[in-house]
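A.B. asks: Below: one structure in structure tokens.
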Amino acid sequence: MTAWNLRPIASALWRNRTGALLVAFQIAIGLAVLVNAVYIVKQRVEKISRPTGMDTANMIFVASAGFARDFDYDASWREDIATLRAIPGVQAASVISNIPLSGGGSSSGFQARPGETNPEKTVPGNTYLIDEQGVDALGITLSAGRAFEPQEILPPTPTFDAASQAIVTKAFAKSLFPDDPNPLGKTFFDGLSRPITIVGVIEHMHGAWVSWDKLDHVVLFPRIKTGPSAIYVVRAEPGRQDAVMREIEAKLGDSNPGRLMRWVRPMSYFIEQSYLDDRNMAIFLVSVTGVLLAVTALGIFGLATFNVSTRIRQIGTRRAVGARRMDIVRHFLVENWMVTTAGVVVGCAGALAVGYWLSVKYQLPRLDLYYLVGGVLAIWLIGLLAAWQPARRASAISPAVATRTV
Amino acid sequence: MLEMNGISKIYRTDLIETHALRNFSLKVGDGEFVAVTGPSGSGKTTFMNVAGLLESFDTGSYKLDGADVSRLSDEQRSRLRNEKIGFIFQSFNLIPDLDIYDNVDVPLRYRRLAAKDRDQRIKSALEVVGLSSRMHHMPSQLSGGQQQRAAIARALAGDPRFLLADEPTGNVDSLMARQVMDLLEQINEMGTTIIMVTHDPELARRAHRNVHIVDGQISDFRPYEPRAEIEAAAVAHGPAPMTMTPA
């Protein structure tokens, strides 16, 4: 390691440690923030990009509100659904009680056995009321069983009265019947111990609340939503979503003077709204981290530049006694690497401490050590890049500087 | 040892050209101790820079130790400086953040010598200059004379073929100056060729030969004087006895 001059560089660095320690401290903070921020951003991005189980790219939701004194809700939804299904480019349309991934919905507790009093054995499920085209309109995949038949669809009811049949997600079924791999045909019970038979199993589907840990616990019932407000889910053919939305507005907009067409929105609107906080947090953290890294790089650049400008005679002397240009570049890169590494060592401890604090305080997953390794490599790389230009400038100093007296 | 023929060196700016060396020719043989004198701005330092491969020149030829060094790459010049030339600077040019041991070690590390070899060379060089007991002192803890002796140790440690000394006594008092000169003479007697730039005629008289530069050209060769005559002249001027013990 003679060529690397580690000991004399470290020794000289220690004798002028104030500036170096400040930059090392800055690097430590940078690393601690970088690693945890990237980890959190990664979690947010993963959360946002989770598969929903639905054909979100082609789904449209329509909201209608009946307001006239003589408004006939039953006639209205029937007419609307018929109109929607007749629009060219529509694959399926259904009345639906709530909008998945919208942050609004209903949930109930269900049990595998009637009269179960143990709350730990009550499985929550996000419930939706749909009609016979609901499964198609949502674009969900059934891994077992079937969709609802038209004759199974129950009329609206002012009180929560589920149904005797349900289509449930695989995750919900597994929570309810952990030991049974095939829940099709099994019976479960609502809070009033009324039996419900599983006629279909959904491979995967997200419910209403994106931050709920039971997001994939979904239960679909064959019933029409209670009026006078209606929500319809429409699934357009691929690539025809915009055209279908315009057609819906044209066809339903003034078809019934007793009700108001509140809005026609693509599914992406609700997803964006639901994940707005996560997206903003990710953008904020990326911005803060970027600024912090830039400041850290500037700190390293500043220290290296200062070290070069205050050692011109010394560099000239080193060149005069035999240092090659590469030796000078290496000297400053090694010196900078030592400062960076000192910061990295402290920063690793800081990153782990911050990660632990976040996991305790905000129930975030523990920091993945791969991110720590990645952060260390990134900081090392940034340090080298930041010191490269000053080091190159130092190497260009003429050895004749050594003989100058002023 | 050193042979320059028709060397010229011109410094150019947007407005002016300065001819620092003009058709400069000089031969220095093995084991010589040559003093280079001249007024300020005469080209002494430029000569030193060219001779020490610190700067290139525009025309002419230069042979060092029999090899033409006119068109060497920067890396080759660095290697030659490291292996064949020892530098002694007026301002000592010790690295203030390294102790004396590490300062002497600097050129040896660039030569990639093994640690044990370096250690022997450093200790030997420090012993020659009488600084063995101060090897772990910082430069700022030494007097000017001691610092110059440390710089001489740095130049000696690489076992160079010749030493280039630029006003080696310029920043030390007269007593220390005599000690430094005594040391250089001792090194010369051990066989090392020395070229010393100085504007002090008293110091120049102690060299074998005096080369006087005016306007980038040699204006006068002082003939070789036997060492005995030089020493006789020095006694007449009352030089201090050579001291090799640490100050």
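Identifiers in the structure tokens: chain A, B, ... in order shown; residue index from 1 per chain; ligand index from 1 in order shown.
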From the DSSP assignment of the backbone, select every residue of range 13-105 of chain B that is strand (DSSP E or B), and format the answer as a list in words.
C.D. replies: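 Residues meeting the strand (DSSP E or B) criterion: Glu17, Thr18, His19, Ala20, Leu21, Arg22, Asn23, Phe24, Ser25, Leu26, Lys27, Val28, Phe33, Val34, Ala35, Val36, Thr37, Thr59, Gly60, Ser61, Tyr62, Lys63, Leu64, Ala67, Asp68, Ile85, Gly86, Phe87 and Ile88 of chain B.
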A.B. asks: Can you list every residue of chain B that has an atom at most 8 Å from chain A, with its nearest atom pair and the distance in Å to one decimal, using only C-alpha atoms, ordered by chain then number, as JSON lines?
C.D. replies:
{"residue": "B:Thr45", "atom": "CA", "partner": "A:Thr403", "partner_atom": "CA", "distance": 7.2}
{"residue": "B:Asn49", "atom": "CA", "partner": "A:Ala400", "partner_atom": "CA", "distance": 6.2}
{"residue": "B:Leu54", "atom": "CA", "partner": "A:Ala400", "partner_atom": "CA", "distance": 5.0}
{"residue": "B:Glu55", "atom": "CA", "partner": "A:Ala400", "partner_atom": "CA", "distance": 6.2}
{"residue": "B:Asp74", "atom": "CA", "partner": "A:Arg324", "partner_atom": "CA", "distance": 7.5}
{"residue": "B:Glu75", "atom": "CA", "partner": "A:Arg324", "partner_atom": "CA", "distance": 5.7}
{"residue": "B:Ser78", "atom": "CA", "partner": "A:Gly322", "partner_atom": "CA", "distance": 4.6}
{"residue": "B:Arg79", "atom": "CA", "partner": "A:Gly322", "partner_atom": "CA", "distance": 5.8}
{"residue": "B:Leu80", "atom": "CA", "partner": "A:Gly322", "partner_atom": "CA", "distance": 7.5}
{"residue": "B:Arg81", "atom": "CA", "partner": "A:Gly322", "partner_atom": "CA", "distance": 5.4}
{"residue": "B:Asn82", "atom": "CA", "partner": "A:Gly322", "partner_atom": "CA", "distance": 4.1}
{"residue": "B:Glu83", "atom": "CA", "partner": "A:Gly322", "partner_atom": "CA", "distance": 7.8}
{"residue": "B:Ile85", "atom": "CA", "partner": "A:Val321", "partner_atom": "CA", "distance": 7.9}
{"residue": "B:Gly86", "atom": "CA", "partner": "A:Val321", "partner_atom": "CA", "distance": 7.2}
{"residue": "B:Phe87", "atom": "CA", "partner": "A:Val321", "partner_atom": "CA", "distance": 7.0}
{"residue": "B:Phe89", "atom": "CA", "partner": "A:Thr403", "partner_atom": "CA", "distance": 6.4}
{"residue": "B:Gln90", "atom": "CA", "partner": "A:Thr403", "partner_atom": "CA", "distance": 7.6}
{"residue": "B:Ser91", "atom": "CA", "partner": "A:Thr405", "partner_atom": "CA", "distance": 7.1}
{"residue": "B:Asn93", "atom": "CA", "partner": "A:Thr317", "partner_atom": "CA", "distance": 6.5}
{"residue": "B:Leu94", "atom": "CA", "partner": "A:Gln314", "partner_atom": "CA", "distance": 7.7}
{"residue": "B:Ile95", "atom": "CA", "partner": "A:Gln314", "partner_atom": "CA", "distance": 6.2}
{"residue": "B:Asp97", "atom": "CA", "partner": "A:Ala12", "partner_atom": "CA", "distance": 4.8}
{"residue": "B:Leu98", "atom": "CA", "partner": "A:Ala12", "partner_atom": "CA", "distance": 5.9}
{"residue": "B:Asp102", "atom": "CA", "partner": "A:Pro8", "partner_atom": "CA", "distance": 6.8}
{"residue": "B:Val106", "atom": "CA", "partner": "A:Arg318", "partner_atom": "CA", "distance": 7.4}
{"residue": "B:Pro107", "atom": "CA", "partner": "A:Val321", "partner_atom": "CA", "distance": 5.4}
{"residue": "B:Arg109", "atom": "CA", "partner": "A:Thr2", "partner_atom": "CA", "distance": 5.9}
{"residue": "B:Tyr110", "atom": "CA", "partner": "A:Ala323", "partner_atom": "CA", "distance": 5.7}
{"residue": "B:Arg111", "atom": "CA", "partner": "A:Gly322", "partner_atom": "CA", "distance": 7.6}
{"residue": "B:Arg112", "atom": "CA", "partner": "A:Thr2", "partner_atom": "CA", "distance": 6.0}
{"residue": "B:Leu113", "atom": "CA", "partner": "A:Thr2", "partner_atom": "CA", "distance": 7.6}
{"residue": "B:Ala114", "atom": "CA", "partner": "A:Thr2", "partner_atom": "CA", "distance": 7.5}
{"residue": "B:Ala115", "atom": "CA", "partner": "A:Thr2", "partner_atom": "CA", "distance": 7.6}
{"residue": "B:Asp166", "atom": "CA", "partner": "A:Thr403", "partner_atom": "CA", "distance": 7.3}
A.B. asks: Filtering to C-alpha atoms, could you give me those residues as an mmCIF file, in the first residue's frame?
C.D. replies:
data_model
loop_
_atom_site.group_PDB
_atom_site.id
_atom_site.type_symbol
_atom_site.label_atom_id
_atom_site.label_comp_id
_atom_site.auth_asym_id
_atom_site.auth_seq_id
_atom_site.Cartn_x
_atom_site.Cartn_y
_atom_site.Cartn_z
ATOM 1 C CA THR B 45 16.032 29.680 -11.280
ATOM 2 C CA ASN B 49 14.137 24.291 -13.255
ATOM 3 C CA LEU B 54 10.876 20.808 -13.499
ATOM 4 C CA GLU B 55 10.311 22.744 -16.693
ATOM 5 C CA ASP B 74 5.757 13.999 -17.889
ATOM 6 C CA GLU B 75 5.764 10.586 -16.228
ATOM 7 C CA SER B 78 8.884 12.485 -12.772
ATOM 8 C CA ARG B 79 10.659 9.152 -12.541
ATOM 9 C CA LEU B 80 14.018 10.693 -13.433
ATOM 10 C CA ARG B 81 13.559 13.466 -10.865
ATOM 11 C CA ASN B 82 12.699 10.882 -8.288
ATOM 12 C CA GLU B 83 15.595 8.544 -8.993
ATOM 13 C CA ILE B 85 17.919 14.254 -8.732
ATOM 14 C CA GLY B 86 17.747 15.559 -5.189
ATOM 15 C CA PHE B 87 16.236 19.001 -4.632
ATOM 16 C CA PHE B 89 14.857 24.527 -1.909
ATOM 17 C CA GLN B 90 15.427 27.972 -0.463
ATOM 18 C CA SER B 91 12.197 27.737 1.576
ATOM 19 C CA ASN B 93 9.506 23.062 1.165
ATOM 20 C CA LEU B 94 8.894 20.575 3.928
ATOM 21 C CA ILE B 95 5.295 19.428 4.150
ATOM 22 C CA ASP B 97 1.481 18.336 8.152
ATOM 23 C CA LEU B 98 4.051 15.538 8.129
ATOM 24 C CA ASP B 102 7.447 11.250 6.830
ATOM 25 C CA VAL B 106 7.849 11.346 0.540
ATOM 26 C CA PRO B 107 10.123 10.735 -2.495
ATOM 27 C CA ARG B 109 7.102 6.346 -1.385
ATOM 28 C CA TYR B 110 6.776 7.693 -4.904
ATOM 29 C CA ARG B 111 9.572 5.299 -5.857
ATOM 30 C CA ARG B 112 7.486 2.473 -4.361
ATOM 31 C CA LEU B 113 10.316 1.156 -2.230
ATOM 32 C CA ALA B 114 9.570 -1.458 0.378
ATOM 33 C CA ALA B 115 8.850 -0.205 3.891
ATOM 34 C CA ASP B 166 18.318 26.610 -4.903
#
A.B. asks: Near Ala165 in chain B, within 7 Å and counting only C-alpha atoms, which residues show up once chain neighbours fewer than 3 positions away are dropped, as a VMD selection string?
C.D. replies: chain B and resid 87 to 89 168 195 to 197
A.B. asks: Okay, now the selection with all heavy atoms, as a PDB file, in the first residue's frame?
C.D. replies:
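Saved to part_17.pdb:
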ATOM      1  N   PHE B  87      16.486  17.550  -4.633  1.00  0.00           N
ATOM      2  CA  PHE B  87      16.236  19.001  -4.632  1.00  0.00           C
ATOM      3  C   PHE B  87      16.369  19.563  -3.224  1.00  0.00           C
ATOM      4  O   PHE B  87      15.882  18.975  -2.243  1.00  0.00           O
ATOM      5  CB  PHE B  87      14.824  19.297  -5.139  1.00  0.00           C
ATOM      6  CG  PHE B  87      14.656  19.073  -6.614  1.00  0.00           C
ATOM      7  CD1 PHE B  87      14.177  17.870  -7.087  1.00  0.00           C
ATOM      8  CD2 PHE B  87      14.973  20.071  -7.521  1.00  0.00           C
ATOM      9  CE1 PHE B  87      14.016  17.658  -8.439  1.00  0.00           C
ATOM     10  CE2 PHE B  87      14.817  19.861  -8.884  1.00  0.00           C
ATOM     11  CZ  PHE B  87      14.338  18.656  -9.350  1.00  0.00           C
ATOM     12  N   ILE B  88      17.042  20.722  -3.151  1.00  0.00           N
ATOM     13  CA  ILE B  88      17.082  21.472  -1.895  1.00  0.00           C
ATOM     14  C   ILE B  88      16.591  22.876  -2.226  1.00  0.00           C
ATOM     15  O   ILE B  88      17.143  23.550  -3.103  1.00  0.00           O
ATOM     16  CB  ILE B  88      18.518  21.521  -1.327  1.00  0.00           C
ATOM     17  CG1 ILE B  88      19.029  20.097  -1.082  1.00  0.00           C
ATOM     18  CG2 ILE B  88      18.539  22.331  -0.041  1.00  0.00           C
ATOM     19  CD1 ILE B  88      20.523  20.019  -0.854  1.00  0.00           C
ATOM     20  N   PHE B  89      15.500  23.258  -1.558  1.00  0.00           N
ATOM     21  CA  PHE B  89      14.857  24.527  -1.909  1.00  0.00           C
ATOM     22  C   PHE B  89      15.200  25.608  -0.881  1.00  0.00           C
ATOM     23  O   PHE B  89      15.457  25.323   0.291  1.00  0.00           O
ATOM     24  CB  PHE B  89      13.338  24.344  -1.963  1.00  0.00           C
ATOM     25  CG  PHE B  89      12.905  23.280  -2.922  1.00  0.00           C
ATOM     26  CD1 PHE B  89      12.526  22.020  -2.458  1.00  0.00           C
ATOM     27  CD2 PHE B  89      12.881  23.514  -4.287  1.00  0.00           C
ATOM     28  CE1 PHE B  89      12.122  21.035  -3.335  1.00  0.00           C
ATOM     29  CE2 PHE B  89      12.483  22.523  -5.164  1.00  0.00           C
ATOM     30  CZ  PHE B  89      12.105  21.284  -4.692  1.00  0.00           C
ATOM     31  N   PRO B 168      20.221  27.482  -0.972  1.00  0.00           N
ATOM     32  CA  PRO B 168      19.966  26.612   0.187  1.00  0.00           C
ATOM     33  C   PRO B 168      20.166  27.315   1.534  1.00  0.00           C
ATOM     34  O   PRO B 168      19.676  26.829   2.545  1.00  0.00           O
ATOM     35  CB  PRO B 168      20.984  25.489   0.008  1.00  0.00           C
ATOM     36  CG  PRO B 168      22.071  26.073  -0.810  1.00  0.00           C
ATOM     37  CD  PRO B 168      21.417  27.054  -1.723  1.00  0.00           C
ATOM     38  N   ILE B 195      24.822  21.051  -7.851  1.00  0.00           N
ATOM     39  CA  ILE B 195      24.722  22.351  -8.519  1.00  0.00           C
ATOM     40  C   ILE B 195      23.945  23.248  -7.573  1.00  0.00           C
ATOM     41  O   ILE B 195      22.813  22.930  -7.182  1.00  0.00           O
ATOM     42  CB  ILE B 195      24.001  22.244  -9.873  1.00  0.00           C
ATOM     43  CG1 ILE B 195      24.802  21.349 -10.815  1.00  0.00           C
ATOM     44  CG2 ILE B 195      23.803  23.622 -10.488  1.00  0.00           C
ATOM     45  CD1 ILE B 195      24.120  21.082 -12.136  1.00  0.00           C
ATOM     46  N   MET B 196      24.562  24.340  -7.187  1.00  0.00           N
ATOM     47  CA  MET B 196      23.945  25.211  -6.184  1.00  0.00           C
ATOM     48  C   MET B 196      23.731  26.607  -6.777  1.00  0.00           C
ATOM     49  O   MET B 196      24.674  27.241  -7.252  1.00  0.00           O
ATOM     50  CB  MET B 196      24.851  25.314  -4.949  1.00  0.00           C
ATOM     51  CG  MET B 196      24.341  26.268  -3.891  1.00  0.00           C
ATOM     52  SD  MET B 196      25.461  26.364  -2.479  1.00  0.00           S
ATOM     53  CE  MET B 196      26.852  27.230  -3.198  1.00  0.00           C
ATOM     54  N   VAL B 197      22.474  27.021  -6.794  1.00  0.00           N
ATOM     55  CA  VAL B 197      22.164  28.376  -7.237  1.00  0.00           C
ATOM     56  C   VAL B 197      22.262  29.290  -6.023  1.00  0.00           C
ATOM     57  O   VAL B 197      21.692  28.997  -4.965  1.00  0.00           O
ATOM     58  CB  VAL B 197      20.742  28.434  -7.834  1.00  0.00           C
ATOM     59  CG1 VAL B 197      20.311  29.876  -8.062  1.00  0.00           C
ATOM     60  CG2 VAL B 197      20.688  27.654  -9.139  1.00  0.00           C
TER      61      VAL B 197
END
A.B. asks: In Å, how far is it from CA of Asp136 in chain A to CA of Thr56 in chain A?
C.D. replies: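 We find that CA of Asp136 in chain A and CA of Thr56 in chain A lie 12.1 Å from each other.
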A.B. asks: Name the residues of range 65-290 of chain A that come out as alpha helix (DSSP H) in a backbone DSSP run; write them as a PyMOL selection string.
C.D. replies: chain A and resi 73-86+134-138+170-176+241-252+267-274+276-290
A.B. asks: Hey, can you check how far CA of Thr46 in chain B sits from CA of Gly29 in chain B?
C.D. replies: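 CA of Gly29 in chain B lies 20.3 Å from CA of Thr46 in chain B.
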A.B. asks: Taking 5 positions as the minimum chain separation for residues in the same chain, which residues sit within 12 Å of Arg44 in chain A when counting only C-alpha atoms? Answer as an NGL selection string.
C.D. replies: :A and (37-39 or 49-50 or 210-211 or 275-286 or 364-365)
A.B. asks: Dump N, CA, C and O atoms for the selected residues as a PDB file, in the first residue's frame?
C.D. replies:
ATOM      1  N   ALA A  37     -34.563   7.686   3.459  1.00  0.00           N
ATOM      2  CA  ALA A  37     -35.478   8.318   2.501  1.00  0.00           C
ATOM      3  C   ALA A  37     -35.695   7.411   1.291  1.00  0.00           C
ATOM      4  O   ALA A  37     -36.829   7.221   0.851  1.00  0.00           O
ATOM      5  N   VAL A  38     -34.617   6.863   0.780  1.00  0.00           N
ATOM      6  CA  VAL A  38     -34.742   5.981  -0.390  1.00  0.00           C
ATOM      7  C   VAL A  38     -35.581   4.753  -0.035  1.00  0.00           C
ATOM      8  O   VAL A  38     -36.419   4.302  -0.825  1.00  0.00           O
ATOM      9  N   TYR A  39     -35.352   4.256   1.192  1.00  0.00           N
ATOM     10  CA  TYR A  39     -36.120   3.079   1.623  1.00  0.00           C
ATOM     11  C   TYR A  39     -37.618   3.401   1.719  1.00  0.00           C
ATOM     12  O   TYR A  39     -38.461   2.632   1.271  1.00  0.00           O
ATOM     13  N   SER A  49     -47.663   1.148  -6.834  1.00  0.00           N
ATOM     14  CA  SER A  49     -47.688   0.314  -8.037  1.00  0.00           C
ATOM     15  C   SER A  49     -48.152  -1.114  -7.773  1.00  0.00           C
ATOM     16  O   SER A  49     -47.975  -1.985  -8.627  1.00  0.00           O
ATOM     17  N   ARG A  50     -48.730  -1.349  -6.581  1.00  0.00           N
ATOM     18  CA  ARG A  50     -49.239  -2.701  -6.310  1.00  0.00           C
ATOM     19  C   ARG A  50     -50.318  -3.081  -7.326  1.00  0.00           C
ATOM     20  O   ARG A  50     -51.139  -2.237  -7.703  1.00  0.00           O
ATOM     21  N   VAL A 210     -56.463   2.390   0.830  1.00  0.00           N
ATOM     22  CA  VAL A 210     -55.166   1.920   0.349  1.00  0.00           C
ATOM     23  C   VAL A 210     -54.161   1.691   1.469  1.00  0.00           C
ATOM     24  O   VAL A 210     -53.156   1.002   1.279  1.00  0.00           O
ATOM     25  N   SER A 211     -54.400   2.295   2.636  1.00  0.00           N
ATOM     26  CA  SER A 211     -53.448   2.097   3.733  1.00  0.00           C
ATOM     27  C   SER A 211     -53.912   1.037   4.732  1.00  0.00           C
ATOM     28  O   SER A 211     -53.268   0.811   5.761  1.00  0.00           O
ATOM     29  N   TYR A 275     -53.678   7.807  -3.563  1.00  0.00           N
ATOM     30  CA  TYR A 275     -52.229   7.715  -3.336  1.00  0.00           C
ATOM     31  C   TYR A 275     -51.550   9.080  -3.355  1.00  0.00           C
ATOM     32  O   TYR A 275     -50.320   9.151  -3.447  1.00  0.00           O
ATOM     33  N   LEU A 276     -52.342  10.146  -3.283  1.00  0.00           N
ATOM     34  CA  LEU A 276     -51.774  11.494  -3.373  1.00  0.00           C
ATOM     35  C   LEU A 276     -50.741  11.733  -2.273  1.00  0.00           C
ATOM     36  O   LEU A 276     -49.646  12.255  -2.520  1.00  0.00           O
ATOM     37  N   ASP A 277     -51.091  11.361  -1.041  1.00  0.00           N
ATOM     38  CA  ASP A 277     -50.153  11.579   0.081  1.00  0.00           C
ATOM     39  C   ASP A 277     -48.865  10.789  -0.124  1.00  0.00           C
ATOM     40  O   ASP A 277     -47.767  11.295   0.124  1.00  0.00           O
ATOM     41  N   ASP A 278     -49.029   9.536  -0.576  1.00  0.00           N
ATOM     42  CA  ASP A 278     -47.835   8.703  -0.790  1.00  0.00           C
ATOM     43  C   ASP A 278     -46.966   9.289  -1.893  1.00  0.00           C
ATOM     44  O   ASP A 278     -45.747   9.336  -1.785  1.00  0.00           O
ATOM     45  N   ARG A 279     -47.640   9.748  -2.962  1.00  0.00           N
ATOM     46  CA  ARG A 279     -46.886  10.304  -4.084  1.00  0.00           C
ATOM     47  C   ARG A 279     -46.174  11.592  -3.658  1.00  0.00           C
ATOM     48  O   ARG A 279     -44.996  11.800  -3.960  1.00  0.00           O
ATOM     49  N   ASN A 280     -46.897  12.446  -2.938  1.00  0.00           N
ATOM     50  CA  ASN A 280     -46.288  13.707  -2.484  1.00  0.00           C
ATOM     51  C   ASN A 280     -45.128  13.449  -1.530  1.00  0.00           C
ATOM     52  O   ASN A 280     -44.110  14.129  -1.580  1.00  0.00           O
ATOM     53  N   MET A 281     -45.316  12.464  -0.669  1.00  0.00           N
ATOM     54  CA  MET A 281     -44.238  12.119   0.272  1.00  0.00           C
ATOM     55  C   MET A 281     -43.005  11.641  -0.492  1.00  0.00           C
ATOM     56  O   MET A 281     -41.875  12.035  -0.181  1.00  0.00           O
ATOM     57  N   ALA A 282     -43.246  10.808  -1.499  1.00  0.00           N
ATOM     58  CA  ALA A 282     -42.113  10.301  -2.290  1.00  0.00           C
ATOM     59  C   ALA A 282     -41.412  11.452  -3.003  1.00  0.00           C
ATOM     60  O   ALA A 282     -40.181  11.550  -2.998  1.00  0.00           O
ATOM     61  N   ILE A 283     -42.198  12.358  -3.599  1.00  0.00           N
ATOM     62  CA  ILE A 283     -41.601  13.502  -4.309  1.00  0.00           C
ATOM     63  C   ILE A 283     -40.822  14.375  -3.328  1.00  0.00           C
ATOM     64  O   ILE A 283     -39.699  14.818  -3.606  1.00  0.00           O
ATOM     65  N   PHE A 284     -41.423  14.608  -2.156  1.00  0.00           N
ATOM     66  CA  PHE A 284     -40.759  15.444  -1.138  1.00  0.00           C
ATOM     67  C   PHE A 284     -39.430  14.812  -0.701  1.00  0.00           C
ATOM     68  O   PHE A 284     -38.391  15.482  -0.650  1.00  0.00           O
ATOM     69  N   LEU A 285     -39.491  13.518  -0.428  1.00  0.00           N
ATOM     70  CA  LEU A 285     -38.266  12.853   0.048  1.00  0.00           C
ATOM     71  C   LEU A 285     -37.189  12.811  -1.027  1.00  0.00           C
ATOM     72  O   LEU A 285     -36.009  13.008  -0.742  1.00  0.00           O
ATOM     73  N   VAL A 286     -37.615  12.559  -2.274  1.00  0.00           N
ATOM     74  CA  VAL A 286     -36.634  12.548  -3.364  1.00  0.00           C
ATOM     75  C   VAL A 286     -36.006  13.937  -3.512  1.00  0.00           C
ATOM     76  O   VAL A 286     -34.789  14.080  -3.675  1.00  0.00           O
ATOM     77  N   LEU A 364     -42.991   1.531  10.488  1.00  0.00           N
ATOM     78  CA  LEU A 364     -42.430   1.246   9.164  1.00  0.00           C
ATOM     79  C   LEU A 364     -41.578  -0.020   9.252  1.00  0.00           C
ATOM     80  O   LEU A 364     -41.070  -0.348  10.322  1.00  0.00           O
ATOM     81  N   PRO A 365     -41.435  -0.721   8.155  1.00  0.00           N
ATOM     82  CA  PRO A 365     -40.571  -1.910   8.191  1.00  0.00           C
ATOM     83  C   PRO A 365     -39.138  -1.512   8.536  1.00  0.00           C
ATOM     84  O   PRO A 365     -38.702  -0.390   8.221  1.00  0.00           O
TER      85      PRO A 365
END
A.B. asks: Using only C-alpha atoms, determine which residues lie at most 9 Å from range 212-216 of chain A, disregarding the query and same-chain residues fewer than 4 positions distant; provide the list as a PyMOL selection string.
C.D. replies: chain A and resi 52+101+124-126+169-172+204-208
